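Text of the file run_35.tsv, holding TSV, C-alpha atoms:
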chain	number	residue	atom	x	y	z
A	1	MET	CA	152.33	55.55	99.11
A	2	ALA	CA	151.45	54.96	102.76
A	3	SER	CA	154.16	55.06	105.42
A	4	PHE	CA	155.95	51.89	106.49
A	5	GLN	CA	154.21	52.05	109.85
A	6	ASN	CA	150.78	52.15	108.21
A	7	ARG	CA	151.68	49.47	105.65
A	8	ILE	CA	152.82	46.90	108.20
A	9	LYS	CA	149.92	47.75	110.52
A	10	LYS	CA	147.43	47.11	107.71
A	11	ILE	CA	149.03	43.81	106.71
A	12	SER	CA	149.25	42.71	110.35
A	13	SER	CA	145.59	43.54	110.84
A	14	ASP	CA	144.64	41.57	107.73
A	15	LYS	CA	146.84	38.56	108.58
A	16	SER	CA	148.89	38.41	111.77
A	17	PRO	CA	151.68	40.20	113.68
A	18	LEU	CA	154.22	37.45	112.87
A	19	ILE	CA	157.52	38.40	111.24
A	20	LEU	CA	159.82	35.69	109.90
A	21	ALA	CA	163.47	36.10	110.84
A	22	ASN	CA	164.83	34.49	107.69
A	23	ASP	CA	168.27	34.19	109.27
A	24	TYR	CA	169.85	31.03	107.95
A	25	GLU	CA	173.48	30.30	108.67
A	26	SER	CA	175.64	31.98	106.02
A	27	ASN	CA	177.01	28.60	104.87
A	28	THR	CA	173.51	27.31	104.12
A	29	ALA	CA	173.18	26.16	100.53
A	30	ASP	CA	170.68	27.82	98.19
A	31	ILE	CA	169.84	30.74	100.47
A	32	GLU	CA	168.04	32.60	97.68
A	33	SER	CA	165.82	29.69	96.65
A	34	ARG	CA	165.08	28.74	100.28
A	35	THR	CA	164.11	32.33	101.03
A	36	ILE	CA	161.83	32.59	98.01
A	37	GLN	CA	160.19	29.30	98.95
A	38	ASN	CA	159.60	30.60	102.48
A	39	ILE	CA	157.95	33.72	101.09
A	40	LYS	CA	155.65	31.75	98.81
A	41	THR	CA	154.76	29.13	101.41
A	42	LEU	CA	154.57	31.15	104.62
A	43	SER	CA	153.31	34.57	103.48
A	44	PRO	CA	149.65	33.85	104.43
A	45	TYR	CA	150.76	33.76	108.07
A	46	LEU	CA	153.16	36.72	108.10
A	47	CYS	CA	153.15	40.51	107.88
A	48	ALA	CA	156.87	40.87	107.18
A	49	ILE	CA	160.17	39.09	106.67
A	50	LYS	CA	163.45	40.14	108.31
A	51	PHE	CA	166.98	39.58	107.00
A	52	ASN	CA	170.02	39.75	109.27
A	53	PHE	CA	173.37	41.18	108.16
A	54	HIS	CA	175.03	37.77	107.86
A	55	LEU	CA	172.34	36.57	105.45
A	56	LEU	CA	172.61	39.60	103.17
A	57	LEU	CA	176.39	39.50	102.80
A	58	PRO	CA	176.54	36.35	100.62
A	59	LEU	CA	173.80	37.65	98.31
A	60	GLY	CA	174.25	40.04	95.42
A	61	GLN	CA	172.27	43.13	94.47
A	62	LYS	CA	170.12	41.31	91.91
A	63	GLN	CA	169.31	38.52	94.34
A	64	ILE	CA	168.30	40.87	97.16
A	65	THR	CA	166.22	43.04	94.82
A	66	ARG	CA	164.46	39.95	93.47
A	67	ILE	CA	163.73	38.63	96.98
A	68	ASN	CA	162.27	41.99	98.05
A	69	LYS	CA	160.08	42.17	94.94
A	70	ILE	CA	158.72	38.66	95.50
A	71	ALA	CA	158.04	39.49	99.16
A	72	HIS	CA	156.09	42.60	98.13
A	73	ASP	CA	154.19	40.59	95.52
A	74	HIS	CA	153.12	38.32	98.39
A	75	ASN	CA	152.00	41.26	100.55
A	76	LEU	CA	154.95	41.28	102.95
A	77	GLN	CA	157.07	44.13	104.23
A	78	THR	CA	160.84	43.59	104.29
A	79	ILE	CA	163.20	44.63	107.07
A	80	ALA	CA	166.99	44.87	106.86
A	81	ASP	CA	168.32	43.87	110.27
A	82	ILE	CA	171.81	45.35	110.08
A	83	LYS	CA	171.71	47.29	113.37
A	84	LEU	CA	173.01	50.37	111.60
A	85	ASN	CA	175.16	52.58	113.85
A	86	ASP	CA	177.45	55.19	112.31
A	87	ILE	CA	177.90	58.87	111.49
A	88	GLY	CA	175.16	60.70	109.66
A	89	ASN	CA	176.58	60.53	106.14
A	90	THR	CA	177.32	56.81	106.36
A	91	ASN	CA	173.85	56.16	107.74
A	92	ASP	CA	172.23	58.08	104.88
A	93	VAL	CA	174.25	56.30	102.17
A	94	THR	CA	173.55	52.90	103.74
A	95	ALA	CA	169.84	53.62	104.11
A	96	GLN	CA	169.52	54.86	100.53
A	97	THR	CA	171.22	51.69	99.29
A	98	LEU	CA	168.74	49.59	101.27
A	99	TRP	CA	165.78	51.55	99.90
A	100	ASN	CA	167.15	51.08	96.35
A	101	LEU	CA	167.35	47.33	97.00
A	102	GLY	CA	163.66	47.37	97.93
A	103	PHE	CA	163.70	47.23	101.73
A	104	ASP	CA	160.88	48.89	103.64
A	105	ALA	CA	162.65	49.38	106.97
A	106	VAL	CA	165.99	49.09	108.73
A	107	ILE	CA	166.84	48.07	112.29
A	108	VAL	CA	169.35	50.48	113.84
A	109	ASN	CA	171.49	50.79	116.97
A	110	PRO	CA	170.72	54.01	118.88
A	111	MET	CA	174.30	54.16	120.16
A	112	MET	CA	174.78	56.47	117.16
A	113	GLY	CA	173.26	59.16	119.38
A	114	PRO	CA	169.94	61.04	119.24
A	115	GLY	CA	171.12	63.58	116.67
A	116	ASN	CA	172.14	60.96	114.12
A	117	LEU	CA	169.08	58.85	114.94
A	118	GLU	CA	166.75	61.78	114.34
A	119	LYS	CA	168.38	62.55	110.98
A	120	LEU	CA	168.05	58.93	109.90
A	121	ILE	CA	164.39	58.76	110.92
A	122	THR	CA	163.64	62.00	109.04
A	123	TYR	CA	165.49	60.72	105.97
A	124	ALA	CA	163.64	57.40	106.06
A	125	HIS	CA	160.22	59.01	106.45
A	126	LYS	CA	160.80	61.22	103.40
A	127	ASN	CA	160.94	57.97	101.42
A	128	GLN	CA	158.01	56.37	103.31
A	129	ASN	CA	160.44	53.91	104.86
A	130	GLY	CA	160.82	52.90	108.49
A	131	VAL	CA	163.40	52.87	111.28
A	132	ILE	CA	163.18	50.33	114.10
A	133	SER	CA	165.56	51.07	116.98
A	134	LEU	CA	167.12	48.63	119.42
A	135	CYS	CA	165.90	49.02	122.97
A	136	HIS	CA	166.53	45.68	124.73
A	137	MET	CA	167.57	42.53	122.86
A	138	SER	CA	166.39	38.96	123.48
A	139	SER	CA	169.64	37.20	124.40
A	140	PRO	CA	170.41	36.58	128.12
A	141	GLU	CA	173.52	38.77	127.90
A	142	ALA	CA	171.35	41.77	127.00
A	143	GLN	CA	170.95	42.30	130.74
A	144	LEU	CA	174.68	43.03	131.00
A	145	THR	CA	174.49	45.91	128.54
A	146	TYR	CA	171.00	47.27	127.98
A	147	GLU	CA	170.33	47.37	131.72
A	148	LEU	CA	173.50	49.29	132.55
A	149	GLN	CA	173.08	52.41	134.63
A	150	VAL	CA	174.36	55.45	132.78
A	151	GLN	CA	175.18	58.93	134.01
A	152	LEU	CA	173.82	61.85	132.05
A	153	LYS	CA	174.65	65.46	132.82
A	154	SER	CA	171.65	65.92	135.05
A	155	LYS	CA	170.55	62.43	136.08
A	156	LYS	CA	171.20	58.71	136.19
A	157	THR	CA	169.13	56.35	134.12
A	158	ILE	CA	169.10	52.83	132.66
A	159	LEU	CA	170.44	52.45	129.14
A	160	TYR	CA	167.30	50.88	127.65
A	161	HIS	CA	165.18	53.57	129.33
A	162	LEU	CA	167.25	56.15	127.46
A	163	PHE	CA	166.91	54.27	124.16
A	164	LEU	CA	163.14	54.08	124.71
A	165	GLU	CA	162.99	57.82	125.39
A	166	TRP	CA	164.91	58.63	122.20
A	167	ALA	CA	162.83	56.31	120.01
A	168	THR	CA	159.56	57.69	121.37
A	169	SER	CA	160.47	61.38	121.24
A	170	LEU	CA	162.15	61.18	117.80
A	171	GLY	CA	159.32	59.31	116.11
A	172	ALA	CA	160.94	55.94	115.39
A	173	ASP	CA	158.61	53.43	113.77
A	174	GLY	CA	159.31	50.87	116.46
A	175	ILE	CA	161.68	49.46	119.03
A	176	ILE	CA	163.18	46.02	119.53
A	177	VAL	CA	162.43	44.45	122.92
A	178	GLY	CA	163.02	40.72	123.36
A	179	ALA	CA	160.07	38.46	124.01
A	180	THR	CA	162.30	36.81	126.61
A	181	PHE	CA	161.84	39.90	128.80
A	182	PRO	CA	158.03	40.34	129.02
A	183	ASP	CA	158.28	42.66	132.03
A	184	ILE	CA	160.46	45.02	129.99
A	185	VAL	CA	158.00	44.81	127.08
A	186	LYS	CA	155.27	45.82	129.53
A	187	PHE	CA	157.38	48.67	130.94
A	188	CYS	CA	158.17	50.05	127.48
A	189	LYS	CA	154.55	49.93	126.36
A	190	LYS	CA	153.39	51.74	129.50
A	191	LYS	CA	156.25	54.26	129.60
A	192	SER	CA	155.80	55.22	125.94
A	193	LYS	CA	152.02	55.38	126.42
A	194	GLY	CA	151.68	53.14	123.38
A	195	LYS	CA	153.28	55.73	121.09
A	196	VAL	CA	155.95	53.37	119.78
A	197	ASN	CA	155.38	49.91	118.31
A	198	ILE	CA	157.25	47.05	119.95
A	199	TYR	CA	158.91	44.35	117.84
A	200	SER	CA	159.82	41.28	119.87
A	201	PRO	CA	162.36	38.68	118.73
A	202	GLY	CA	163.07	35.53	120.73
A	203	ILE	CA	159.74	33.77	120.22
A	204	GLY	CA	160.04	29.98	120.45
A	205	THR	CA	163.60	28.67	120.42
A	206	GLN	CA	164.90	31.39	122.77
A	207	GLY	CA	162.00	30.88	125.14
A	208	GLY	CA	159.65	33.75	124.35
A	209	ASP	CA	155.94	32.90	124.64
A	210	ILE	CA	153.61	34.37	122.01
A	211	GLN	CA	150.55	34.99	124.12
A	212	LYS	CA	152.50	36.32	127.12
A	213	THR	CA	154.43	38.66	124.85
A	214	ILE	CA	151.24	39.98	123.24
A	215	GLN	CA	149.61	40.44	126.65
A	216	SER	CA	152.69	42.37	127.78
A	217	GLY	CA	152.18	44.84	124.95
A	218	SER	CA	154.22	43.70	121.97
A	219	ASP	CA	152.81	44.65	118.56
A	220	TYR	CA	154.94	42.42	116.30
A	221	LEU	CA	156.43	38.98	116.98
A	222	ILE	CA	159.69	37.95	115.32
A	223	VAL	CA	160.17	34.19	114.87
A	224	GLY	CA	163.18	32.53	113.25
A	225	ARG	CA	164.62	29.13	114.13
A	226	THR	CA	161.33	27.74	115.43
A	227	ILE	CA	160.03	27.92	111.86
A	228	LEU	CA	163.25	27.54	109.87
A	229	ASN	CA	164.36	24.39	111.71
A	230	SER	CA	160.94	22.79	111.74
A	231	LYS	CA	160.34	19.57	109.81
A	232	ASN	CA	157.19	21.24	108.50
A	233	PRO	CA	157.70	25.04	108.46
A	234	LYS	CA	154.24	25.71	107.03
A	235	GLU	CA	152.46	23.79	109.78
A	236	THR	CA	154.63	25.43	112.43
A	237	ALA	CA	153.95	28.89	111.01
A	238	LYS	CA	150.23	28.15	110.97
A	239	SER	CA	150.25	27.01	114.61
A	240	LEU	CA	152.05	30.21	115.63
A	241	PHE	CA	149.63	32.20	113.47
A	242	ASP	CA	146.70	30.66	115.34
A	243	LEU	CA	148.25	31.56	118.70
A	244	ALA	CA	148.98	35.12	117.59
A	245	LYS	CA	145.50	35.75	116.23
A	246	TYR	CA	143.46	34.44	119.14
Hey, can you dump this file as structure tokens for me?
Amino acid sequence: MASFQNRIKKISSDKSPLILANDYESNTADIESRTIQNIKTLSPYLCAIKFNFHLLLPLGQKQITRINKIAHDHNLQTIADIKLNDIGNTNDVTAQTLWNLGFDAVIVNPMMGPGNLEKLITYAHKNQNGVISLCHMSSPEAQLTYELQVQLKSKKTILYHLFLEWATSLGADGIIVGATFPDIVKFCKKKSKGKVNIYSPGIGTQGGDIQKTIQSGSDYLIVGRTILNSKNPKETAKSLFDLAKY
């Protein structure tokens, strides 16, 4: 089986770089059936579907496994957005559980440190799965944290610069950089010399612009509420698809 990075690249090339953030509120009725309907209706316009922690918690093992299988049957990759951040053993057990449930990749928090991050990436790649590492999130408050200056033993740097360096040097399958910060997308693409794929949430509702984000260097565009809250999700997905492809 091909690696996660090659799988999603192939699907994106065949269709589009759009990823659906299927992140309904946890009190939404019929999450499973809504999700399956989204997969069946929207898959022609997507390369992957992402599930946040709060969406997974109300679902059981059988439901999650079924959703992942249906997504794969519709030529989509699936990403568990749990921002994993723990000690090595806990990371490994969590990752293995996600792989057993059918997920292709996991989004992690590099605050776990480079040693734990490297182990997790190595573990994932043995199973042909992927690790996408946070670098700079899309919310306005991300500036208060990801742009902090930090003191290392030998130098000062910016926190997201450090996260970018770790992801690039350790072979992560991608980084998260919000579409709401196109200049930072551009910086990360240039600084990494294109060696790490950029996944950008914040398209649409949060203010991120598809074409500007692509021009800045993002490889994959994560869209949630713009599609989920639309009166016609299929038409909205198609309009975003058209923007992303041309």
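Interatomic distance, atom CA of Gly202 of chain A to atom CA of Ile222 of chain A: 6.8 Å.
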Problem - Contacts of segment 12-17 of chain A at 6 Å (only C-alpha atoms; same-chain gap of 2+ positions) as a PyMOL selection string - result: chain A and resi 8-10+46-47+220-221
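Put simply, atom CA of Ile198 of chain A is 6.5 Å away from atom CA of Val177 of chain A.
Considering the residues A:Lys126, A:Lys238, A:Lys119, A:Lys191 and counting all atoms listed in the file, Thr90 of chain A has its shortest atom-to-atom contact with A:Lys119.
Among the candidates A:Arg7, A:Arg66, A:Lys153, A:His54, the one nearest to Asn27 of chain A when counting all atoms listed in the file is A:His54.
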Practice task
Quick one: everything within 10 Å of Gly204 of chain A, counting only C-alpha atoms, minus sequence neighbours fewer than 3 positions away in the same chain. Send it as a list in words.
Solution key: Ala179, Thr180, Pro201, Gly207, Gly208, Asp209, Ile210, Ile222, Val223, Gly224, Arg225, Thr226, Ile227 and Leu240 of chain A
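With only C-alpha atoms as the atoms that count, the residue of A:Ile203, A:Ile214, A:Thr236, A:Leu57 with the shortest distance to Lys186 of chain A is A:Ile214.
Ranking A:Asn229, A:Ser43, A:Ser3, A:Asn75 by their shortest atom-to-atom distance to Asp23 of chain A, with all atoms listed in the file included, puts A:Asn229 first.
Between atom CA of Gly178 of chain A and atom CA of Pro114 of chain A the separation is 21.9 Å.
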Exercise for the section: Please write as a count of residues only the list of polymer residues whose atoms come within 10 Å of (162.2, 56.2, 106.5), counting all atoms listed in the file and keeping to the coordinates of the file. Expected result: 25
Go through segment 21-126 of chain A residue by residue and, counting only C-alpha atoms, keep those with an atom at most 10 Å from segment 159-165 of chain A; for each kept residue give the shortest atom pair and its distance in Å to one decimal, ordered by chain and increasing number, as CSV.
residue,atom,partner,partner_atom,distance
A:Asn109,CA,A:Phe163,CA,9.2
A:Pro110,CA,A:Phe163,CA,6.5
A:Met111,CA,A:Phe163,CA,8.4
A:Gly113,CA,A:Phe163,CA,9.3
A:Pro114,CA,A:Phe163,CA,8.9
Exercise for the section: Can you pull out every residue within 9 Å of Lys40 of chain A, counting only C-alpha atoms, but drop anything in the same chain fewer than 3 positions away, and send it as a PyMOL selection string? Expected result: chain A and resi 35-37+43-44+70-71+74
